[in-house]
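Shown next: protein.tsv, containing TSV, C-alpha atoms.
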```tsv
chain	number	residue	atom	x	y	z
A	242	MET	CA	-83.70	-172.21	-47.13
A	243	ASN	CA	-82.51	-175.79	-47.21
A	244	LEU	CA	-85.10	-177.89	-48.99
A	245	ASN	CA	-84.96	-181.68	-48.96
A	246	ILE	CA	-85.43	-182.76	-52.56
A	247	GLU	CA	-86.14	-186.41	-51.58
A	248	ARG	CA	-89.39	-185.34	-49.99
A	249	THR	CA	-90.84	-184.18	-53.27
A	250	GLN	CA	-90.74	-187.68	-54.77
A	251	SER	CA	-93.68	-190.04	-54.62
A	252	LEU	CA	-93.44	-193.50	-53.13
A	253	SER	CA	-95.74	-196.49	-53.35
A	254	SER	CA	-96.42	-198.69	-50.36
A	255	ASN	CA	-94.73	-201.46	-52.36
A	256	ASP	CA	-91.47	-199.49	-52.31
A	257	VAL	CA	-91.65	-199.42	-48.53
A	258	LEU	CA	-92.27	-203.18	-48.42
A	259	VAL	CA	-89.24	-203.87	-50.63
A	260	THR	CA	-87.15	-201.56	-48.46
A	261	ARG	CA	-88.27	-203.45	-45.37
A	262	ALA	CA	-87.28	-206.75	-46.99
A	263	LEU	CA	-83.84	-205.30	-47.78
A	264	TYR	CA	-83.58	-204.02	-44.23
A	265	TYR	CA	-84.31	-207.40	-42.67
A	266	ARG	CA	-81.83	-209.09	-45.00
A	267	TYR	CA	-78.93	-206.66	-44.84
A	268	SER	CA	-79.28	-204.34	-41.83
A	269	SER	CA	-76.93	-206.35	-39.61
A	270	TRP	CA	-74.31	-206.49	-42.38
A	271	LEU	CA	-74.61	-202.78	-42.99
A	272	LEU	CA	-74.46	-201.88	-39.30
A	273	GLY	CA	-71.32	-203.99	-38.94
A	274	TYR	CA	-69.75	-202.17	-41.87
A	275	LEU	CA	-70.78	-198.72	-40.63
A	276	ILE	CA	-69.50	-199.35	-37.11
A	277	ALA	CA	-66.20	-200.53	-38.59
A	278	VAL	CA	-65.92	-197.23	-40.46
A	279	VAL	CA	-67.21	-194.66	-37.95
A	280	LYS	CA	-66.44	-196.61	-34.72
A	281	ASP	CA	-69.41	-195.03	-33.00
A	282	TYR	CA	-72.61	-197.04	-32.48
A	283	GLU	CA	-74.98	-194.08	-32.37
A	284	LEU	CA	-73.45	-192.41	-35.40
A	285	ALA	CA	-73.60	-195.72	-37.27
A	286	GLU	CA	-77.29	-196.03	-36.39
A	287	GLN	CA	-77.91	-192.52	-37.69
A	288	TYR	CA	-76.17	-193.43	-40.94
A	289	MET	CA	-78.36	-196.56	-41.15
A	290	VAL	CA	-81.48	-194.41	-40.90
A	291	ASP	CA	-80.15	-191.98	-43.52
A	292	ILE	CA	-79.24	-194.82	-45.90
A	293	PHE	CA	-82.48	-196.82	-45.62
A	294	LYS	CA	-84.51	-193.62	-45.81
A	295	GLU	CA	-83.09	-193.14	-49.29
A	296	VAL	CA	-83.49	-196.75	-50.46
A	297	PRO	CA	-87.16	-196.43	-51.59
A	298	ASN	CA	-86.18	-193.61	-53.95
A	299	ARG	CA	-83.30	-195.59	-55.39
A	300	LEU	CA	-84.87	-199.01	-55.81
A	301	HIS	CA	-84.38	-198.75	-59.58
A	302	GLU	CA	-80.63	-199.00	-58.93
A	303	PHE	CA	-81.19	-202.27	-57.10
A	304	THR	CA	-83.44	-203.78	-59.76
A	305	GLY	CA	-81.68	-202.32	-62.79
A	306	SER	CA	-78.20	-203.47	-61.80
A	307	ASP	CA	-76.88	-207.01	-62.15
A	308	SER	CA	-74.83	-206.51	-58.99
A	309	SER	CA	-76.02	-208.06	-55.73
A	310	PRO	CA	-78.36	-205.98	-53.53
A	311	TRP	CA	-75.64	-205.91	-50.88
A	312	LEU	CA	-73.22	-204.26	-53.30
A	313	CYS	CA	-75.85	-201.69	-54.30
A	314	LEU	CA	-76.52	-200.99	-50.63
A	315	GLN	CA	-72.83	-200.60	-50.02
A	316	VAL	CA	-72.50	-198.13	-52.90
A	317	LEU	CA	-75.30	-196.11	-51.31
A	318	ALA	CA	-73.63	-196.34	-47.90
A	319	LYS	CA	-70.32	-195.22	-49.36
A	320	SER	CA	-71.95	-192.22	-51.00
A	321	LYS	CA	-73.40	-191.26	-47.59
A	322	LEU	CA	-70.04	-191.79	-45.91
A	323	THR	CA	-68.07	-189.78	-48.47
A	324	GLY	CA	-67.86	-186.68	-46.31
A	325	TYR	CA	-66.87	-188.68	-43.26
A	326	THR	CA	-64.15	-190.68	-45.03
A	327	ARG	CA	-62.83	-187.54	-46.72
A	328	ALA	CA	-62.46	-185.94	-43.30
A	329	LEU	CA	-60.72	-189.09	-42.06
A	330	ARG	CA	-58.39	-189.06	-45.05
A	331	SER	CA	-57.41	-185.48	-44.33
A	332	GLY	CA	-56.09	-186.68	-40.93
A	333	LYS	CA	-52.36	-187.37	-40.96
A	334	SER	CA	-51.90	-190.63	-39.04
A	335	ASN	CA	-55.02	-192.37	-40.29
A	336	ILE	CA	-53.53	-195.35	-42.12
A	337	ASP	CA	-51.58	-196.96	-39.33
A	338	SER	CA	-54.15	-196.28	-36.62
A	339	SER	CA	-57.11	-197.47	-38.68
A	340	SER	CA	-55.52	-200.75	-39.67
A	341	ALA	CA	-54.28	-201.31	-36.10
A	342	GLU	CA	-57.77	-200.74	-34.70
A	343	ARG	CA	-59.24	-203.10	-37.24
A	344	LEU	CA	-56.89	-205.88	-36.18
A	345	ARG	CA	-58.73	-206.19	-32.92
A	346	PHE	CA	-62.04	-207.45	-34.32
A	347	ASP	CA	-61.65	-208.48	-37.91
A	348	SER	CA	-60.14	-211.92	-38.27
A	349	TYR	CA	-60.06	-211.77	-42.07
A	350	VAL	CA	-58.02	-208.57	-42.01
A	351	ASN	CA	-55.96	-210.04	-39.20
A	352	ALA	CA	-54.79	-212.77	-41.54
A	353	MET	CA	-53.46	-210.21	-44.04
A	354	THR	CA	-49.98	-208.73	-44.14
A	355	THR	CA	-49.59	-205.08	-43.03
A	356	GLU	CA	-49.40	-203.93	-46.64
A	357	GLN	CA	-52.52	-205.88	-47.59
A	358	GLN	CA	-54.32	-204.45	-44.56
A	359	ILE	CA	-53.43	-200.89	-45.53
A	360	VAL	CA	-54.61	-201.40	-49.09
A	361	PHE	CA	-57.74	-203.37	-48.24
A	362	CYS	CA	-58.86	-201.12	-45.36
A	363	GLY	CA	-58.03	-198.02	-47.39
A	364	VAL	CA	-60.18	-199.17	-50.28
A	365	TYR	CA	-62.97	-201.00	-48.48
A	366	TYR	CA	-63.51	-198.83	-45.42
A	367	TYR	CA	-62.05	-195.44	-46.34
A	368	GLN	CA	-62.93	-195.26	-50.06
A	369	LYS	CA	-59.42	-194.50	-51.18
A	370	PRO	CA	-58.80	-194.97	-54.90
A	371	THR	CA	-55.92	-197.31	-55.71
A	372	ALA	CA	-54.12	-194.40	-57.37
A	373	LEU	CA	-54.10	-192.48	-54.08
A	374	LEU	CA	-52.91	-195.52	-52.14
A	375	ALA	CA	-50.16	-196.03	-54.71
A	376	GLN	CA	-49.04	-192.47	-54.06
A	377	GLU	CA	-49.14	-192.95	-50.29
A	378	LEU	CA	-47.28	-196.25	-50.38
A	379	ASN	CA	-44.86	-195.08	-53.03
A	380	LYS	CA	-45.80	-197.95	-55.31
A	381	ALA	CA	-47.20	-198.34	-58.79
A	382	ASP	CA	-50.99	-198.44	-59.17
A	383	ASP	CA	-50.77	-201.93	-60.73
A	384	GLU	CA	-48.87	-203.17	-57.70
A	385	VAL	CA	-51.52	-201.82	-55.32
A	386	LYS	CA	-54.26	-203.56	-57.33
A	387	LYS	CA	-52.32	-206.84	-57.08
A	388	ILE	CA	-52.03	-206.40	-53.30
A	389	LEU	CA	-55.78	-205.79	-53.19
A	390	LYS	CA	-56.37	-209.00	-55.13
A	391	GLU	CA	-54.23	-210.94	-52.65
A	392	ALA	CA	-56.26	-209.47	-49.79
A	393	PHE	CA	-59.47	-210.65	-51.49
A	394	LEU	CA	-57.99	-214.11	-51.95
A	395	ILE	CA	-57.45	-214.30	-48.17
A	396	ILE	CA	-61.11	-213.45	-47.59
A	397	LYS	CA	-62.22	-215.94	-50.26
A	398	ASN	CA	-60.17	-218.75	-48.75
A	399	GLY	CA	-61.29	-217.87	-45.23
B	298	MET	CA	-58.97	-218.87	-71.13
B	299	ASP	CA	-57.70	-216.05	-73.31
B	300	LYS	CA	-54.39	-214.73	-71.97
B	301	THR	CA	-55.57	-211.13	-72.16
B	302	VAL	CA	-58.62	-211.98	-70.08
B	303	HIS	CA	-56.50	-213.98	-67.66
B	304	ASN	CA	-54.08	-211.06	-67.21
B	305	PHE	CA	-56.99	-208.67	-66.84
B	306	ILE	CA	-58.49	-210.78	-64.05
B	307	GLU	CA	-55.14	-211.29	-62.34
B	308	SER	CA	-54.32	-207.56	-62.40
B	309	GLY	CA	-56.69	-206.91	-59.47
B	310	ILE	CA	-58.66	-204.30	-61.39
B	311	LEU	CA	-61.91	-206.22	-60.79
B	312	GLU	CA	-61.45	-206.10	-57.00
B	313	ALA	CA	-60.73	-202.38	-57.24
B	314	TYR	CA	-63.82	-201.94	-59.46
B	315	VAL	CA	-66.16	-203.73	-57.06
B	316	THR	CA	-64.90	-201.66	-54.12
B	317	GLY	CA	-65.23	-198.44	-56.12
B	318	ALA	CA	-61.50	-197.68	-56.14
B	319	THR	CA	-61.06	-197.37	-59.90
B	320	SER	CA	-60.99	-194.35	-62.18
B	321	GLU	CA	-63.80	-193.65	-64.66
B	322	HIS	CA	-61.64	-194.89	-67.53
B	323	GLU	CA	-60.98	-198.17	-65.68
B	324	ASN	CA	-64.69	-198.52	-64.91
B	325	GLU	CA	-65.48	-198.35	-68.61
B	326	GLU	CA	-62.79	-200.90	-69.35
B	327	VAL	CA	-64.23	-203.32	-66.76
B	328	ARG	CA	-67.77	-202.81	-68.04
B	329	TYR	CA	-66.61	-203.57	-71.58
B	330	MET	CA	-64.75	-206.73	-70.49
B	331	LYS	CA	-67.70	-207.83	-68.38
B	332	GLN	CA	-70.03	-207.50	-71.34
B	333	HIS	CA	-67.80	-209.47	-73.69
B	334	TYR	CA	-66.17	-212.12	-71.48
B	335	PRO	CA	-68.21	-214.45	-69.25
B	336	ALA	CA	-65.03	-215.28	-67.28
B	337	VAL	CA	-64.83	-211.66	-66.15
B	338	GLN	CA	-68.48	-211.73	-65.20
B	339	LYS	CA	-67.93	-214.91	-63.19
B	340	GLU	CA	-64.91	-213.43	-61.44
B	341	LEU	CA	-66.92	-210.31	-60.51
B	342	LYS	CA	-69.61	-212.52	-58.97
B	343	GLY	CA	-66.90	-214.31	-56.99
B	344	ILE	CA	-65.58	-210.99	-55.65
B	345	GLU	CA	-69.11	-209.95	-54.67
B	346	THR	CA	-69.49	-213.25	-52.82
B	347	SER	CA	-66.23	-212.55	-50.94
B	348	LEU	CA	-67.57	-209.15	-49.91
B	349	GLU	CA	-70.80	-210.76	-48.73
B	350	LEU	CA	-68.78	-213.29	-46.75
B	351	LEU	CA	-66.86	-210.50	-45.05
B	352	ALA	CA	-70.03	-208.51	-44.36
B	353	ARG	CA	-71.76	-211.57	-42.85
B	354	HIS	CA	-68.72	-212.15	-40.68
B	355	MET	CA	-68.74	-208.55	-39.45
B	356	ALA	CA	-72.54	-208.37	-38.97
B	357	ILE	CA	-73.93	-206.63	-35.88
B	358	PRO	CA	-77.71	-206.92	-35.31
B	359	PRO	CA	-79.39	-203.52	-35.14
B	360	PRO	CA	-81.65	-202.60	-32.18
B	361	PRO	CA	-85.23	-203.83	-32.71
B	362	GLN	CA	-86.76	-200.33	-32.78
B	363	LEU	CA	-84.46	-199.06	-35.54
B	364	TRP	CA	-86.79	-200.12	-38.37
B	365	ASP	CA	-89.64	-198.18	-36.72
B	366	ARG	CA	-87.42	-195.10	-36.77
B	367	ILE	CA	-86.62	-195.63	-40.45
B	368	GLU	CA	-90.28	-196.32	-41.27
B	369	ASP	CA	-91.28	-193.11	-39.51
B	370	GLU	CA	-88.78	-191.22	-41.63
B	371	ILE	CA	-90.03	-192.92	-44.81
B	372	SER	CA	-93.66	-192.24	-43.85
B	373	GLY	CA	-92.76	-188.58	-43.91
B	374	LEU	CA	-92.55	-188.98	-47.67
B	375	VAL	CA	-95.74	-188.81	-49.68
B	376	VAL	CA	-97.12	-192.29	-50.37
B	377	THR	CA	-99.10	-192.39	-53.61
B	378	ASP	CA	-100.30	-194.90	-56.16
B	379	LYS	CA	-97.63	-195.24	-58.83
B	380	HIS	CA	-100.20	-195.70	-61.59
B	381	GLN	CA	-101.63	-192.27	-61.03
B	382	PRO	CA	-99.74	-189.51	-62.78
B	383	ARG	CA	-97.81	-187.31	-60.44
B	384	GLU	CA	-99.16	-183.87	-59.97
B	385	ASN	CA	-95.87	-182.31	-60.96
B	386	GLU	CA	-95.88	-184.38	-64.20
B	387	THR	CA	-99.37	-183.39	-65.34
B	388	ASP	CA	-98.87	-179.80	-64.44
B	389	TYR	CA	-95.47	-179.66	-66.04
B	390	GLN	CA	-96.45	-177.12	-68.63
B	391	GLN	CA	-98.21	-174.99	-66.06
B	392	SER	CA	-95.23	-175.12	-63.77
B	393	ARG	CA	-93.05	-173.72	-66.53
B	394	GLN	CA	-95.17	-170.58	-66.66
B	395	PRO	CA	-93.81	-167.79	-64.50
B	396	LYS	CA	-95.80	-167.60	-61.31
B	397	GLU	CA	-97.26	-164.41	-60.02
B	398	LYS	CA	-96.92	-165.36	-56.39
B	399	PRO	CA	-93.63	-166.62	-54.95
B	400	GLU	CA	-93.51	-170.21	-53.65
B	401	PRO	CA	-94.08	-170.50	-49.92
B	402	ASP	CA	-91.02	-171.52	-47.88
B	403	TYR	CA	-92.42	-174.90	-46.81
B	404	ILE	CA	-93.32	-178.23	-48.34
B	405	GLU	CA	-96.91	-179.36	-48.13
B	406	VAL	CA	-97.12	-182.92	-46.84
B	407	GLU	CA	-100.49	-184.56	-47.32
B	408	GLY	CA	-101.33	-187.82	-45.54
B	409	GLN	CA	-103.23	-190.03	-47.99
B	410	SER	CA	-103.42	-193.22	-45.97
B	411	SER	CA	-106.71	-194.12	-44.28
B	412	HIS	CA	-104.77	-195.80	-41.47
B	413	MET	CA	-103.56	-194.18	-38.28
B	414	ARG	CA	-100.12	-194.83	-36.80
B	415	ILE	CA	-99.78	-194.63	-33.05
B	416	HIS	CA	-96.94	-195.23	-30.63
B	417	LYS	CA	-96.55	-198.75	-29.23
B	418	ALA	CA	-96.85	-197.41	-25.66
B	419	TRP	CA	-100.54	-196.92	-26.27
B	420	LYS	CA	-101.13	-200.67	-26.13
B	421	TRP	CA	-100.70	-200.53	-22.33
B	422	VAL	CA	-103.23	-197.71	-22.13
B	423	PHE	CA	-105.69	-199.75	-24.21
B	424	ALA	CA	-105.09	-202.81	-22.00
B	425	ALA	CA	-105.70	-200.73	-18.83
B	426	VAL	CA	-108.91	-199.27	-20.30
B	427	PHE	CA	-110.10	-202.78	-21.23
B	428	ILE	CA	-109.40	-204.16	-17.73
B	429	LEU	CA	-111.03	-201.17	-16.02
B	430	GLY	CA	-114.04	-201.62	-18.29
B	431	LYS	CA	-114.37	-205.25	-17.18
B	432	ILE	CA	-114.08	-204.26	-13.51
B	433	PHE	CA	-116.80	-201.60	-13.84
B	434	LEU	CA	-119.03	-204.05	-15.68
B	435	GLY	CA	-118.57	-206.55	-12.82
B	436	PHE	CA	-119.49	-203.89	-10.24
B	437	ALA	CA	-122.52	-202.84	-12.27
B	438	ILE	CA	-123.82	-206.42	-12.45
B	439	TYR	CA	-123.15	-206.94	-8.71
B	440	PHE	CA	-125.00	-203.79	-7.63
B	441	TYR	CA	-127.87	-204.54	-10.02
B	442	LEU	CA	-128.35	-207.97	-8.44
B	443	GLU	CA	-128.00	-206.52	-4.92
B	444	ASN	CA	-130.63	-203.90	-5.73
B	445	ARG	CA	-133.01	-206.48	-7.16
B	446	GLN	CA	-132.58	-208.66	-4.06
B	447	ALA	CA	-133.23	-205.66	-1.76
B	448	GLN	CA	-136.39	-204.74	-3.65
B	449	GLN	CA	-137.63	-208.32	-3.38
B	450	ASN	CA	-136.98	-208.23	0.38
B	451	ILE	CA	-138.92	-204.96	0.69
B	452	LEU	CA	-141.85	-206.46	-1.19
B	453	GLU	CA	-141.81	-209.53	1.07
B	454	LEU	CA	-141.67	-207.34	4.18
B	455	LYS	CA	-144.60	-205.24	2.92
B	456	GLN	CA	-146.54	-208.43	2.31
B	457	GLN	CA	-145.78	-209.69	5.81
B	458	LEU	CA	-146.78	-206.30	7.28
B	459	ARG	CA	-150.09	-206.40	5.47
B	460	GLU	CA	-150.72	-209.92	6.75
B	461	VAL	CA	-149.92	-208.88	10.33
B	462	ARG	CA	-152.24	-205.85	10.08
B	463	GLY	CA	-155.01	-208.03	8.60
B	464	LYS	CA	-154.90	-210.36	11.61
```
Please go through the file and, once you have read it, give me the structure as C-alpha cells.
Amino acid sequence: MNLNIERTQSLSSNDVLVTRALYYRYSSWLLGYLIAVVKDYELAEQYMVDIFKEVPNRLHEFTGSDSSPWLCLQVLAKSKLTGYTRALRSGKSNIDSSSAERLRFDSYVNAMTTEQQIVFCGVYYYQKPTALLAQELNKADDEVKKILKEAFLIIKNG
Amino acid sequence: MDKTVHNFIESGILEAYVTGATSEHENEEVRYMKQHYPAVQKELKGIETSLELLARHMAIPPPPQLWDRIEDEISGLVVTDKHQPRENETDYQQSRQPKEKPEPDYIEVEGQSSHMRIHKAWKWVFAAVFILGKIFLGFAIYFYLENRQAQQNILELKQQLREVRGK
C-alpha cells in the first residue's frame, strides 16, 4: 500500500495562514516558472497544488534559511520537478528545442547569446549541473560557470 | 576586496550555487565563503534579486479558485494546536512495543475544527431560500389581513341582518 507520509504530520492553523501569505505573494511567479518548464497550463497548476500542499510542512526551511522565500519555494519546486526534468534530460534533442521555445516569450533569455541561453536554461529550468553542461558543450566546468555568470549579468542589467 | 574573494565571485560559482547546479563539495565551499566574507554574502543577495526580477517578469497569475483547491488539499491534513504534544510523541515508547494486531491499511483522519466548510455554490441556494422566505411571509401577511377584513364584513352583515329582522 502506498501511504502518504505527509498526512501523518500535524499542522497548526497558523501554518496554513503563512502558506496563504506565501501563495498570494509568489503564486504568479511560481506558475510562470512552472509553465516555462512543463509548457502545459494544467500540469503546471497540478504542480502548484503539489508544491503549496507541502509548504506548511516545510515552513522551517523558509524561516531557518537566510535565503529569500522565493528561492526556498523554487528549491521546493525543483525537487518536485526532478522527475520531470530528468525525463526531459533523457530526451536527445532537448537543448536546442528548449532554448528555441524559450526565445519566444522570455525577453531576458532573448538578449543572451545561444551559448548563454543553453547554459542558463539548462541550469535554471532543467536543473542540469554545470558539470553535465560542461560535458555536453565540450567545455571546462569553470568556463560554463563563467557563461552562467554572464547570463545573470544580462538579467541584472535588464 | 581580497583577490581570492574577487576571483571566487567572478568564477560564477555563486550563480551556479543559487540555481542548485553545484556539487556538494562546491556547496560547502560557498557556504564557508559566505560565512566568512560579507562580499560573498552581498553577491549572493544580488543573484537572488536577479532571480526575483526574472520571476516577476515571467509571472502568470493563477486562476482565482486555485487557492481553494490547495486549501482543500491542506485541510485534508490534521490541524492541531502546536503546543499540545503530538499523540505519536507521547506514545513513542508504547509504539516501540510490538503490537499484537497489525495496523489497519488506512489512515484515520479526524476533523478537529468546529467550523464547517461548504462549497461556494451553496450561497445561491441560501439566497433563493431567503427570497422565497420573504415571498411566503408577504403572502401570509396578505391573507391574514384579507381574512380579518372578511370576518369584519361578516360581523357587519350579521349586525345589519339583526337590525332588519328587529324592524
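Here atom CA of Glu377 of chain A is placed at a distance of 11.6 Å from atom CA of Glu356 of chain A.
Comparing the minimum interatomic distances between chain B and each of A:Ser320, A:Ser306, A:Thr326, A:Ser269, counting all atoms listed in the file, we find that A:Ser269 sits nearest.
Residue nearest chain A, chosen from B:Met355, B:Ile432, B:Val327, B:Ala336 and counting only C-alpha atoms: B:Met355.
Comparing the minimum interatomic distances between Leu322 of chain A and each of A:Val296, A:Ala375, A:Val360, A:Val279, counting all atoms listed in the file, we find that A:Val279 sits nearest.
Atom CA of Glu391 of chain A to atom CA of Met353 of chain A spans 8.7 Å [interatomic distance, one decimal].
Distances from B:Lys339, B:Val302, B:His322, B:Leu351 to chain A were compared using all atoms listed in the file, and the smallest one belongs to B:Leu351.
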Should the cut-off be 8 Å, what would the residue list for chain A against chain B look like, counting all atoms listed in the file, as a ChimeraX atom specification? /A:242,247-254,257,261,264,268-274,286,290,293-294,308-309,311-312,316,347,349,364-365,368-372,383,386-390,393,396-397
Quote the spacing between atom CA of Ile359 of chain A and atom CA of Leu373 of chain A in Å to one decimal place. 12.0 Å
Could you list as a PyMOL selection string every residue that has an atom within 12 Å of (-58.8, -214.1, -72.1), using the file's coordinates and counting all atoms listed in the file? chain B and resi 298-307+330-331+333-337
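Considering only C-alpha atoms, the residue among A:Thr323, A:Thr304, A:Thr355, A:Ser348 positioned nearest to Tyr288 of chain A is A:Thr323.
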